[in-house]
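Content type compact mmCIF, C-alpha atoms, from the file model_22.txt:
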```txt
# COMPACT_ATOMS: atom_id res chain seq x y z
CA MET R 156 -3.78 -12.50 14.44
CA THR R 157 -0.84 -10.19 13.83
CA LEU R 158 0.43 -7.53 16.22
CA LEU R 159 2.27 -4.41 15.00
CA ARG R 160 4.27 -2.98 17.89
CA ASN R 161 7.03 -0.43 18.54
CA ILE R 162 5.21 2.20 16.46
CA SER R 163 6.55 5.70 17.09
CA GLN R 164 3.37 7.29 15.70
CA LEU R 165 0.18 5.71 14.38
CA ALA R 166 -2.08 7.76 12.11
CA THR R 167 -5.56 6.26 12.36
CA CYS R 168 -7.26 8.79 10.00
CA PRO R 169 -10.78 8.41 11.43
CA PRO R 170 -13.47 8.69 8.73
CA CYS R 171 -15.68 11.03 10.81
CA SER R 172 -12.89 13.29 12.05
CA VAL R 173 -12.32 16.84 10.89
CA GLN R 174 -9.63 16.93 8.23
CA GLN R 175 -7.24 18.73 10.59
CA ASP R 176 -7.16 15.69 12.92
CA ALA R 177 -5.51 12.53 11.56
CA GLY R 178 -6.04 10.64 14.81
CA LEU R 179 -2.37 10.44 15.78
CA ILE R 180 -1.35 8.05 18.57
CA ASP R 181 2.22 8.07 19.87
CA GLN R 182 3.99 4.88 21.00
CA ALA R 183 1.20 2.76 19.59
CA ALA R 184 0.30 -0.78 18.68
CA LEU R 185 -2.17 -2.27 16.20
CA VAL R 186 -3.73 -5.73 15.89
CA ILE R 187 -4.85 -7.36 12.64
CA GLU R 188 -7.32 -10.23 12.57
CA GLY R 189 -7.63 -11.83 9.15
CA THR R 190 -7.98 -9.01 6.61
CA GLN R 191 -9.17 -6.33 9.06
CA ILE R 192 -8.01 -4.08 11.87
CA ALA R 193 -9.03 -5.56 15.24
CA TRP R 194 -7.53 -3.10 17.78
CA ILE R 195 -5.58 0.17 17.91
CA GLY R 196 -4.20 2.15 20.80
CA LYS R 197 -1.17 2.96 22.90
CA GLN R 198 1.19 0.03 23.26
CA GLN R 199 0.96 0.29 27.04
CA ASP R 200 -2.81 -0.27 26.78
CA LEU R 201 -2.59 -3.43 24.65
CA PRO R 202 -5.15 -5.94 26.01
CA ALA R 203 -3.60 -9.01 27.57
CA CYS R 204 -5.41 -11.27 25.10
CA TYR R 205 -3.19 -9.90 22.30
CA SER R 206 0.14 -9.90 24.10
CA GLY R 207 1.08 -13.41 22.99
CA GLU R 208 0.33 -12.85 19.29
CA GLU R 209 2.93 -12.89 16.52
CA ALA R 210 4.60 -9.47 16.75
CA ILE R 211 6.05 -7.28 13.99
CA ASP R 212 8.58 -4.70 15.15
CA CYS R 213 7.84 -1.45 13.30
CA GLN R 214 11.24 -0.07 14.32
CA GLN R 215 9.84 3.15 15.80
CA GLY R 216 8.42 4.04 12.41
CA LEU R 217 5.30 5.92 11.36
CA VAL R 218 2.32 3.68 10.53
CA ILE R 219 -0.38 5.05 8.22
CA PRO R 220 -3.27 3.68 6.17
CA GLY R 221 -2.27 2.50 2.70
CA LEU R 222 -2.23 5.61 0.53
CA ILE R 223 -5.01 6.16 -2.03
CA ASP R 224 -4.27 7.96 -5.30
CA CYS R 225 -7.79 9.02 -6.23
CA HIS R 226 -7.03 10.67 -9.61
CA THR R 227 -4.76 9.10 -12.22
CA HIS R 228 -4.71 8.46 -15.96
CA LEU R 229 -2.82 5.23 -15.41
CA SER R 230 -2.84 3.67 -18.88
CA PHE R 231 -1.67 5.54 -21.96
CA GLY R 232 0.52 5.14 -25.00
CA GLY R 233 3.81 6.98 -25.42
CA TRP R 234 5.14 9.92 -23.45
CA ARG R 235 5.33 13.66 -24.18
CA GLY R 236 8.81 14.71 -23.14
CA ASP R 237 9.12 17.17 -26.05
CA GLU R 238 6.32 19.23 -24.54
CA PHE R 239 8.37 19.70 -21.38
CA GLU R 240 10.86 21.88 -23.23
CA MET R 241 8.03 23.74 -25.01
CA ARG R 242 6.49 24.64 -21.65
CA LEU R 243 9.87 25.81 -20.36
CA GLN R 244 10.05 28.07 -23.41
CA GLY R 245 6.77 29.68 -22.38
CA LYS R 246 4.22 27.79 -24.46
CA SER R 247 0.88 27.32 -22.70
CA TYR R 248 -1.07 24.08 -22.39
CA GLN R 249 -3.54 25.41 -24.98
CA GLN R 250 -0.77 26.47 -27.40
CA ILE R 251 0.85 23.03 -27.22
CA ALA R 252 -2.50 21.39 -27.92
CA ALA R 253 -3.14 23.70 -30.88
CA ALA R 254 0.25 22.68 -32.33
CA GLY R 255 -0.76 19.01 -32.34
CA GLY R 256 0.50 18.08 -28.91
CA GLY R 257 -1.44 17.52 -25.75
CA ILE R 258 -4.17 14.95 -25.35
CA ARG R 259 -4.52 14.30 -29.08
CA SER R 260 -0.94 13.09 -29.41
CA THR R 261 -1.47 10.65 -26.55
CA VAL R 262 -4.73 9.50 -28.13
CA ALA R 263 -2.85 8.58 -31.32
CA ALA R 264 -0.19 6.68 -29.38
CA THR R 265 -2.75 4.88 -27.23
CA ARG R 266 -4.83 3.82 -30.21
CA SER R 267 -1.78 2.25 -31.80
CA ASP R 268 -0.53 0.38 -28.70
CA SER R 269 -1.62 -3.19 -28.06
CA SER R 270 -3.47 -4.22 -24.92
CA SER R 271 -0.41 -6.15 -23.77
CA ASP R 272 1.83 -3.09 -24.21
CA LEU R 273 -0.57 -0.91 -22.24
CA LEU R 274 -0.96 -3.52 -19.52
CA SER R 275 2.79 -4.00 -19.13
CA LYS R 276 3.44 -0.27 -18.88
CA ALA R 277 0.65 0.29 -16.34
CA LYS R 278 1.81 -2.68 -14.28
CA GLN R 279 5.30 -1.20 -13.99
CA ALA R 280 3.80 2.02 -12.68
CA LEU R 281 1.63 0.14 -10.17
CA ASP R 282 4.64 -1.83 -8.93
CA SER R 283 6.45 1.43 -8.19
CA MET R 284 3.35 2.99 -6.62
CA LEU R 285 3.03 0.02 -4.27
CA ASP R 286 6.68 0.49 -3.27
CA LEU R 287 5.73 4.04 -2.20
CA GLY R 288 2.95 2.75 0.06
CA ILE R 289 0.03 3.30 -2.35
CA THR R 290 -2.52 0.49 -2.10
CA THR R 291 -5.54 1.82 -4.05
CA VAL R 292 -5.59 3.77 -7.33
CA GLU R 293 -8.38 5.40 -9.29
CA CYS R 294 -7.64 5.10 -13.00
CA LYS R 295 -9.31 6.98 -15.83
CA SER R 296 -9.69 6.04 -19.47
CA GLY R 297 -9.91 8.95 -21.90
CA TYR R 298 -6.93 8.45 -24.20
CA GLY R 299 -8.92 6.41 -26.70
CA LEU R 300 -11.92 8.59 -27.54
CA ASP R 301 -13.38 5.83 -29.69
CA ARG R 302 -15.14 2.62 -28.74
CA PRO R 303 -12.29 0.15 -29.49
CA THR R 304 -9.62 2.04 -27.54
CA GLU R 305 -11.78 3.09 -24.60
CA LEU R 306 -12.88 -0.53 -24.32
CA LYS R 307 -9.24 -1.63 -24.53
CA LEU R 308 -8.23 0.71 -21.69
CA LEU R 309 -11.08 -0.32 -19.41
CA LYS R 310 -10.35 -4.00 -20.02
CA VAL R 311 -6.69 -3.38 -19.16
CA TYR R 312 -7.86 -1.90 -15.85
CA ARG R 313 -10.14 -4.85 -15.17
CA GLN R 314 -7.34 -7.32 -15.87
CA LEU R 315 -4.86 -5.41 -13.69
CA ASN R 316 -7.39 -5.19 -10.88
CA ARG R 317 -7.69 -8.96 -10.93
CA GLN R 318 -3.96 -9.60 -11.12
CA HIS R 319 -2.24 -6.81 -9.17
CA THR R 320 -1.98 -6.24 -5.43
CA VAL R 321 -3.04 -2.62 -5.78
CA ASP R 322 -6.83 -2.23 -5.99
CA LEU R 323 -8.04 -0.26 -9.02
CA VAL R 324 -11.19 1.83 -9.35
CA ALA R 325 -11.98 2.52 -13.01
CA THR R 326 -13.48 5.76 -14.35
CA PHE R 327 -14.77 6.23 -17.90
CA LEU R 328 -13.45 9.53 -19.26
CA GLY R 329 -14.63 9.30 -22.84
CA ALA R 330 -15.55 12.98 -22.43
CA HIS R 331 -11.89 13.99 -22.12
CA MET R 332 -12.14 15.98 -25.32
CA VAL R 333 -13.80 15.68 -28.71
CA PRO R 334 -11.57 13.56 -30.99
CA ALA R 335 -10.26 14.98 -34.26
CA GLU R 336 -12.62 12.95 -36.43
CA TYR R 337 -15.63 14.50 -34.67
CA GLN R 338 -14.45 18.12 -34.60
CA GLN R 339 -17.06 19.24 -37.11
CA ARG R 340 -19.83 17.10 -35.61
CA ARG R 341 -19.34 17.19 -31.87
CA GLU R 342 -23.03 16.46 -31.25
CA ASP R 343 -22.49 13.07 -32.90
CA TYR R 344 -19.68 12.31 -30.47
CA ILE R 345 -21.85 13.24 -27.49
CA CYS R 346 -24.54 10.94 -28.88
CA LEU R 347 -21.95 8.15 -29.14
CA LEU R 348 -21.04 8.66 -25.49
CA CYS R 349 -24.61 8.89 -24.24
CA GLN R 350 -26.36 6.33 -26.40
CA GLU R 351 -23.69 3.67 -26.80
CA LEU R 352 -20.52 3.84 -24.71
CA ILE R 353 -21.84 4.85 -21.29
CA PRO R 354 -24.67 2.27 -21.30
CA GLU R 355 -22.37 -0.47 -22.64
CA PHE R 356 -19.50 0.10 -20.22
CA ALA R 357 -21.83 0.52 -17.25
CA GLN R 358 -23.73 -2.66 -18.10
CA GLN R 359 -20.48 -4.62 -18.41
CA GLY R 360 -19.23 -3.29 -15.06
CA LEU R 361 -16.10 -1.90 -16.69
CA ALA R 362 -16.27 1.45 -14.85
CA GLN R 363 -17.52 2.62 -11.48
CA PHE R 364 -17.53 6.32 -12.37
CA CYS R 365 -17.96 8.67 -15.31
CA ASP R 366 -15.88 11.84 -15.59
CA VAL R 367 -16.14 14.86 -17.91
CA PHE R 368 -13.51 17.53 -18.63
CA VAL R 369 -15.37 20.86 -18.41
CA GLU R 370 -13.17 23.46 -20.06
CA ALA R 371 -12.86 25.62 -23.16
CA GLY R 372 -11.61 23.26 -25.86
CA ALA R 373 -13.17 20.27 -24.11
CA PHE R 374 -16.85 20.24 -23.02
CA SER R 375 -19.24 22.99 -21.99
CA VAL R 376 -21.29 22.90 -18.81
CA ALA R 377 -24.42 22.10 -20.81
CA GLU R 378 -22.72 19.24 -22.66
CA ALA R 379 -21.24 17.87 -19.46
CA ARG R 380 -24.61 18.01 -17.70
CA GLN R 381 -26.17 15.97 -20.52
CA ILE R 382 -23.41 13.34 -20.36
CA LEU R 383 -23.36 13.08 -16.57
CA ILE R 384 -27.13 12.73 -16.26
CA VAL R 385 -26.99 9.78 -18.67
CA ALA R 386 -24.13 8.29 -16.64
CA ARG R 387 -26.06 8.68 -13.39
CA GLU R 388 -29.09 6.99 -14.90
CA ALA R 389 -26.81 4.13 -16.00
CA GLY R 390 -25.72 3.64 -12.38
CA LEU R 391 -22.28 5.25 -12.55
CA GLY R 392 -20.91 7.60 -9.93
CA LEU R 393 -20.07 11.10 -11.15
CA LYS R 394 -16.78 13.01 -11.26
CA VAL R 395 -15.90 16.31 -12.94
CA HIS R 396 -12.59 17.70 -14.20
CA ALA R 397 -13.45 21.22 -13.03
CA ASP R 398 -11.98 24.70 -13.33
CA GLN R 399 -8.47 23.57 -14.23
CA LEU R 400 -7.45 26.25 -16.72
CA SER R 401 -10.24 28.76 -16.22
CA ASN R 402 -13.29 29.34 -14.07
CA SER R 403 -15.56 27.21 -16.26
CA GLY R 404 -18.40 26.49 -13.84
CA GLY R 405 -17.34 22.88 -13.37
CA ALA R 406 -17.39 22.98 -9.57
CA GLN R 407 -20.95 24.26 -9.47
CA LEU R 408 -22.03 21.60 -11.96
CA ALA R 409 -20.42 18.89 -9.86
CA ALA R 410 -22.28 20.15 -6.79
CA GLU R 411 -25.56 20.49 -8.68
CA LEU R 412 -25.47 16.87 -9.85
CA GLY R 413 -24.22 15.43 -6.56
CA ALA R 414 -20.89 14.34 -8.00
CA VAL R 415 -18.67 12.46 -5.58
CA SER R 416 -15.74 14.69 -6.53
CA ALA R 417 -14.69 17.79 -8.42
CA GLU R 418 -11.07 17.51 -9.52
CA HIS R 419 -8.35 20.11 -10.28
CA LEU R 420 -10.14 23.35 -9.21
CA GLU R 421 -7.14 25.62 -9.77
CA TYR R 422 -9.49 28.44 -10.90
CA VAL R 423 -12.52 27.72 -8.73
CA ASP R 424 -14.24 30.82 -7.33
CA GLN R 425 -16.00 31.45 -4.04
CA GLN R 426 -19.38 30.48 -5.50
CA GLY R 427 -17.97 27.15 -6.62
CA ILE R 428 -16.36 26.55 -3.23
CA ALA R 429 -19.62 27.31 -1.42
CA ALA R 430 -21.50 24.95 -3.74
CA LEU R 431 -19.03 22.13 -3.09
CA ALA R 432 -19.35 22.64 0.67
CA ARG R 433 -23.16 22.53 0.55
CA ALA R 434 -23.17 19.41 -1.62
CA GLY R 435 -20.50 17.53 0.32
CA THR R 436 -18.57 16.99 -2.91
CA VAL R 437 -14.89 16.18 -2.36
CA ALA R 438 -12.40 18.59 -3.93
CA VAL R 439 -9.46 16.67 -5.41
CA SER R 440 -6.33 18.80 -5.56
CA LEU R 441 -3.57 17.85 -8.01
CA PRO R 442 -0.42 19.77 -7.07
CA LEU R 443 1.90 17.90 -9.44
CA ALA R 444 -0.11 19.20 -12.40
CA SER R 445 0.31 22.74 -11.13
CA LEU R 446 4.03 22.13 -10.67
CA PHE R 447 4.61 20.71 -14.15
CA LEU R 448 2.33 23.19 -15.94
CA ARG R 449 3.58 26.11 -13.86
CA GLU R 450 -0.06 27.00 -13.26
CA ARG R 451 -1.69 28.27 -10.09
CA TYR R 452 -2.45 25.77 -7.33
CA ALA R 453 -5.96 24.91 -6.22
CA PRO R 454 -6.93 27.11 -3.22
CA ALA R 455 -6.90 24.23 -0.76
CA ARG R 456 -6.65 26.45 2.34
CA GLN R 457 -9.66 28.48 1.26
CA MET R 458 -11.67 25.36 0.49
CA LEU R 459 -10.81 23.74 3.83
CA ASP R 460 -11.66 26.90 5.74
CA ASN R 461 -15.05 26.93 3.99
CA GLY R 462 -15.89 23.35 4.96
CA VAL R 463 -14.87 21.46 1.81
CA LYS R 464 -13.14 18.09 2.16
CA VAL R 465 -9.91 18.21 0.12
CA ALA R 466 -8.23 15.10 -1.27
CA VAL R 467 -4.72 15.14 -2.75
CA ALA R 468 -3.76 12.98 -5.76
CA THR R 469 -1.09 12.86 -8.47
CA ASP R 470 -3.02 13.23 -11.76
CA PHE R 471 -0.41 10.81 -13.17
CA ASN R 472 -0.52 11.23 -16.96
CA PRO R 473 2.02 11.71 -19.78
CA GLY R 474 1.44 15.42 -20.33
CA SER R 475 0.62 17.59 -17.35
CA ALA R 476 1.71 15.34 -14.44
CA PRO R 477 4.18 12.65 -15.55
CA SER R 478 4.79 11.36 -12.01
CA TYR R 479 3.01 8.86 -9.77
CA HIS R 480 4.95 9.97 -6.65
CA LEU R 481 2.09 10.67 -4.26
CA PRO R 482 4.37 11.48 -1.29
CA LEU R 483 5.96 14.22 -3.42
CA ALA R 484 2.48 15.59 -4.18
CA MET R 485 1.77 15.55 -0.45
CA THR R 486 4.86 17.59 0.41
CA ILE R 487 4.07 20.08 -2.37
CA ALA R 488 0.52 20.45 -1.04
CA CYS R 489 2.00 21.40 2.32
CA LEU R 490 4.45 23.88 0.82
CA ASN R 491 2.33 25.51 -1.89
CA GLN R 492 -1.26 25.01 -0.73
CA GLN R 493 -0.92 25.79 2.98
CA MET R 494 -2.20 22.35 4.01
CA THR R 495 -0.90 20.88 7.26
CA PRO R 496 0.67 17.41 7.26
CA GLN R 497 -2.40 15.99 9.03
CA GLU R 498 -4.73 17.55 6.45
CA VAL R 499 -2.62 16.18 3.61
CA LEU R 500 -2.50 12.68 5.07
CA MET R 501 -6.27 12.71 5.58
CA GLY R 502 -6.52 13.90 1.96
CA THR R 503 -4.65 10.84 0.70
CA THR R 504 -6.43 8.33 2.94
CA THR R 505 -9.95 8.70 4.29
CA ILE R 506 -10.88 11.77 2.20
CA ALA R 507 -9.43 10.12 -0.92
CA ALA R 508 -11.55 7.08 -0.06
CA ARG R 509 -14.62 9.36 -0.10
CA ALA R 510 -13.65 10.50 -3.59
CA ILE R 511 -14.02 6.91 -4.83
CA SER R 512 -16.98 6.00 -2.56
CA LEU R 513 -14.95 3.53 -0.45
CA GLN R 514 -14.81 5.49 2.81
CA GLY R 515 -16.51 2.70 4.75
CA ARG R 516 -13.86 0.14 3.89
CA ILE R 517 -10.43 1.69 3.32
CA GLY R 518 -8.49 4.83 4.18
CA SER R 519 -8.63 4.47 7.96
CA LEU R 520 -6.93 2.33 10.59
CA GLN R 521 -10.00 1.75 12.70
CA PRO R 522 -11.38 -1.59 13.92
CA GLY R 523 -13.36 -3.23 11.14
CA TYR R 524 -11.48 -1.49 8.33
CA GLN R 525 -9.46 -3.36 5.73
CA ALA R 526 -5.87 -3.77 6.94
CA ASP R 527 -4.16 -1.76 4.18
CA ILE R 528 -1.13 -0.41 6.02
CA SER R 529 2.10 1.36 5.10
CA ILE R 530 5.08 1.61 7.46
CA ILE R 531 7.21 4.72 6.97
CA ASP R 532 10.82 5.27 8.02
CA ALA R 533 10.05 8.40 10.05
CA GLY R 534 9.40 9.07 13.70
CA SER R 535 6.39 11.24 12.96
CA LEU R 536 4.08 12.45 10.21
CA ASN R 537 5.62 15.92 10.36
CA HIS R 538 9.13 14.55 9.88
CA TRP R 539 8.10 12.34 6.95
CA LEU R 540 6.58 15.16 4.90
CA TYR R 541 9.28 17.66 5.90
CA HIS R 542 12.26 15.40 5.13
CA PHE R 543 11.47 14.41 1.53
CA ARG R 544 13.23 11.28 0.28
CA ALA R 545 12.98 9.20 -2.86
CA ASN R 546 11.07 6.59 -0.88
CA ALA R 547 10.69 6.38 2.90
CA CYS R 548 8.27 3.44 2.82
CA LEU R 549 9.67 0.42 4.68
CA GLY R 550 6.84 -2.06 4.25
CA VAL R 551 3.25 -2.52 3.06
CA LEU R 552 0.44 -4.82 4.11
CA LYS R 553 -2.58 -5.30 1.85
CA SER R 554 -5.69 -6.79 3.48
CA GLY R 555 -3.46 -7.90 6.36
CA ARG R 556 -0.92 -9.68 4.16
CA TRP R 557 2.68 -8.57 3.60
CA VAL R 558 3.22 -7.36 0.03
CA ARG R 559 6.35 -5.30 0.72
CA LYS R 560 8.11 -6.73 3.80
CA LEU R 561 10.15 -4.81 6.34
CA PRO R 562 13.93 -5.15 5.92
```

As structure tokens:
Amino acid sequence: MTLLRNISQLATCPPCSVQQDAGLIDQAALVIEGTQIAWIGKQQDLPACYSGEEAIDCQQGLVIPGLIDCHTHLSFGGWRGDEFEMRLQGKSYQQIAAAGGGIRSTVAATRSDSSSDLLSKAKQALDSMLDLGITTVECKSGYGLDRPTELKLLKVYRQLNRQHTVDLVATFLGAHMVPAEYQQRREDYICLLCQELIPEFAQQGLAQFCDVFVEAGAFSVAEARQILIVAREAGLGLKVHADQLSNSGGAQLAAELGAVSAEHLEYVDQQGIAALARAGTVAVSLPLASLFLRERYAPARQMLDNGVKVAVATDFNPGSAPSYHLPLAMTIACLNQQMTPQEVLMGTTTIAARAISLQGRIGSLQPGYQADISIIDAGSLNHWLYHFRANACLGVLKSGRWVRKLP
């Protein structure tokens, strides 16, 4: 057993709590047995049977569940720094794409990169994410848009999941957009997705979820429904890139099909919000994308007030969110989406776990949960998210084992 003591504030993030309550305990202690949490509570209430265990001094820090980034595009070829200046000059996301930039430029770079190049680049990102206290990452394909490259990306994720400390949850996003070679025969591409790629990747266990980008220039609601129904029949969980650049009906589709999450939602309307609440579909907010695109932010306050669970993630990708700094996304969600620090932390732990169907195992510091733990150099949750630093994470345990040790 391992005892964590001298904790200024412990955020337990109970899975059944309202999002406004992160289960904070001041002057706390925590006991790990094997790979799981065995006991939590105030240090003064520590049972005598644990008092003689090996003790780790948390230095009056904040202890939280390992963070979960539940929406990333982790593996891709190249970068798109030139588009940064174009956006600053007033060009829209759609205008950049029409000029040959955007997703298509990343598709070309990803197709040309080797598996080893993609793996090395993604590993570097995961190393840095772990340093920040992130212990689980959802990772989407979608920069291949053909069988060889989508397969290459999903195999990179499978290899990384076996080799890296951070746990990966893979999502097939072949329906990111219609590739250039299918522009005049988009029905053929949808047939490729539905008849070949989804069944193959599901059967091989290469993805746990299927995602579709529902937007003008990507896929219509009717096309997305067709793709997602096939994915559901193949045994994959469902996700939807919804209402990012316009009110496209993606949120209502996600609710209709029982998707585990609807993601982006910058332009969701009241009907979409009500549908998500009724369905219990998690809304995944991506504030870094709004920051980099200078677009509106998802109406997180409105969604929370209407009973929707709201996760917060980075959307790490080379175009619209070229950062994997989840703590930065958390602070921005507080500042620009009127979320409280407790709501944001719940959105990157137990609610994020819901968005990848792992809420019974990770995202909470409750007895029986996997001991994924991050120790933060802050006396409280409020102070951590208020006083932004490059990295305030002091140490990380994964399944009860030190992977980033306290200084």

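Picture a line from atom CA of R:Gln250 to atom CA of R:Gly372; it runs 11.4 Å.
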
Atomic separation - atom CA of R:Asp532 relative to atom CA of R:Leu549, Å: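 These atoms are spaced 6.0 Å apart.
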
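Nearest-residue note for R:Leu348: choosing from R:Gly390, R:Gly297, R:Gly245, R:Gly178, the minimum distance belongs to R:Gly297, counting only C-alpha atoms.
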
Ref. answer, residues at most 7 Å from (-0.1, 23.2, -4.5) with all atoms listed in the file, as a list in words: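 Those within range, by chain then number, are Pro442, Ser445, Tyr452, Ala453, Ile487, Ala488, Asn491 and Gln492 of chain R.
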
Cut-off 8 Å around (-10.3, 12.5, 2.4) with all atoms listed in the file: residues as a list in words: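 The requested residues, written out, are Gln174, Val437, Lys464, Val465, Ala466, Met501, Gly502, Thr503, Thr504, Thr505, Ile506, Ala507, Ala508, Arg509 and Ala510 of chain R.
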
Distance in Å - atom CA of R:Tyr248 versus atom CA of R:Asp398: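 Interatomic distance, atom CA of R:Tyr248 to atom CA of R:Asp398: 14.2 Å.
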
Which residues are close to stretch 407-416 of chain R, i.e. within 9 Å by only C-alpha atoms, leaving aside same-chain residues fewer than 6 positions away? Reply as a PDB file with C-alpha atoms, in the coordinates of the input.
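Wrote it out as around_4.pdb, contents follow:
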```
ATOM      1  CA  VAL R 376     -21.290  22.900 -18.810  1.00  0.00           C
ATOM      2  CA  ALA R 379     -21.240  17.870 -19.460  1.00  0.00           C
ATOM      3  CA  ARG R 380     -24.610  18.010 -17.700  1.00  0.00           C
ATOM      4  CA  LEU R 383     -23.360  13.080 -16.570  1.00  0.00           C
ATOM      5  CA  ILE R 384     -27.130  12.730 -16.260  1.00  0.00           C
ATOM      6  CA  ARG R 387     -26.060   8.680 -13.390  1.00  0.00           C
ATOM      7  CA  GLY R 392     -20.910   7.600  -9.930  1.00  0.00           C
ATOM      8  CA  LEU R 393     -20.070  11.100 -11.150  1.00  0.00           C
ATOM      9  CA  LYS R 394     -16.780  13.010 -11.260  1.00  0.00           C
ATOM     10  CA  VAL R 395     -15.900  16.310 -12.940  1.00  0.00           C
ATOM     11  CA  HIS R 396     -12.590  17.700 -14.200  1.00  0.00           C
ATOM     12  CA  ALA R 397     -13.450  21.220 -13.030  1.00  0.00           C
ATOM     13  CA  GLN R 426     -19.380  30.480  -5.500  1.00  0.00           C
ATOM     14  CA  GLY R 427     -17.970  27.150  -6.620  1.00  0.00           C
ATOM     15  CA  ILE R 428     -16.360  26.550  -3.230  1.00  0.00           C
ATOM     16  CA  ALA R 429     -19.620  27.310  -1.420  1.00  0.00           C
ATOM     17  CA  ALA R 430     -21.500  24.950  -3.740  1.00  0.00           C
ATOM     18  CA  LEU R 431     -19.030  22.130  -3.090  1.00  0.00           C
ATOM     19  CA  ALA R 432     -19.350  22.640   0.670  1.00  0.00           C
ATOM     20  CA  ARG R 433     -23.160  22.530   0.550  1.00  0.00           C
ATOM     21  CA  ALA R 434     -23.170  19.410  -1.620  1.00  0.00           C
ATOM     22  CA  GLY R 435     -20.500  17.530   0.320  1.00  0.00           C
ATOM     23  CA  THR R 436     -18.570  16.990  -2.910  1.00  0.00           C
ATOM     24  CA  VAL R 437     -14.890  16.180  -2.360  1.00  0.00           C
ATOM     25  CA  ALA R 438     -12.400  18.590  -3.930  1.00  0.00           C
ATOM     26  CA  VAL R 439      -9.460  16.670  -5.410  1.00  0.00           C
ATOM     27  CA  ARG R 509     -14.620   9.360  -0.100  1.00  0.00           C
ATOM     28  CA  ALA R 510     -13.650  10.500  -3.590  1.00  0.00           C
ATOM     29  CA  ILE R 511     -14.020   6.910  -4.830  1.00  0.00           C
ATOM     30  CA  SER R 512     -16.980   6.000  -2.560  1.00  0.00           C
TER      31      SER R 512
END
```

Pick from R:Leu309, R:Ile180, R:Ile223, R:Ala526, whichever lies nearest to R:Leu274 using all atoms listed in the file: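 Among R:Leu309, R:Ile180, R:Ile223, R:Ala526, it is R:Leu309 that comes nearest to R:Leu274.
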
Contact residues around stretch 228-232 of chain R with all atoms listed in the file at 9 Å, ignoring same-chain residues under 6 positions, as a PyMOL selection string: chain R and resi 261-268+272-274+276-277+280-281+292-299+308+311-312+470-473+479

Long-range neighbours of R:Asn402 as a PyMOL selection string, 7 Å cut-off, only C-alpha atoms, 4 positions minimum in chain: chain R and resi 398+422-424
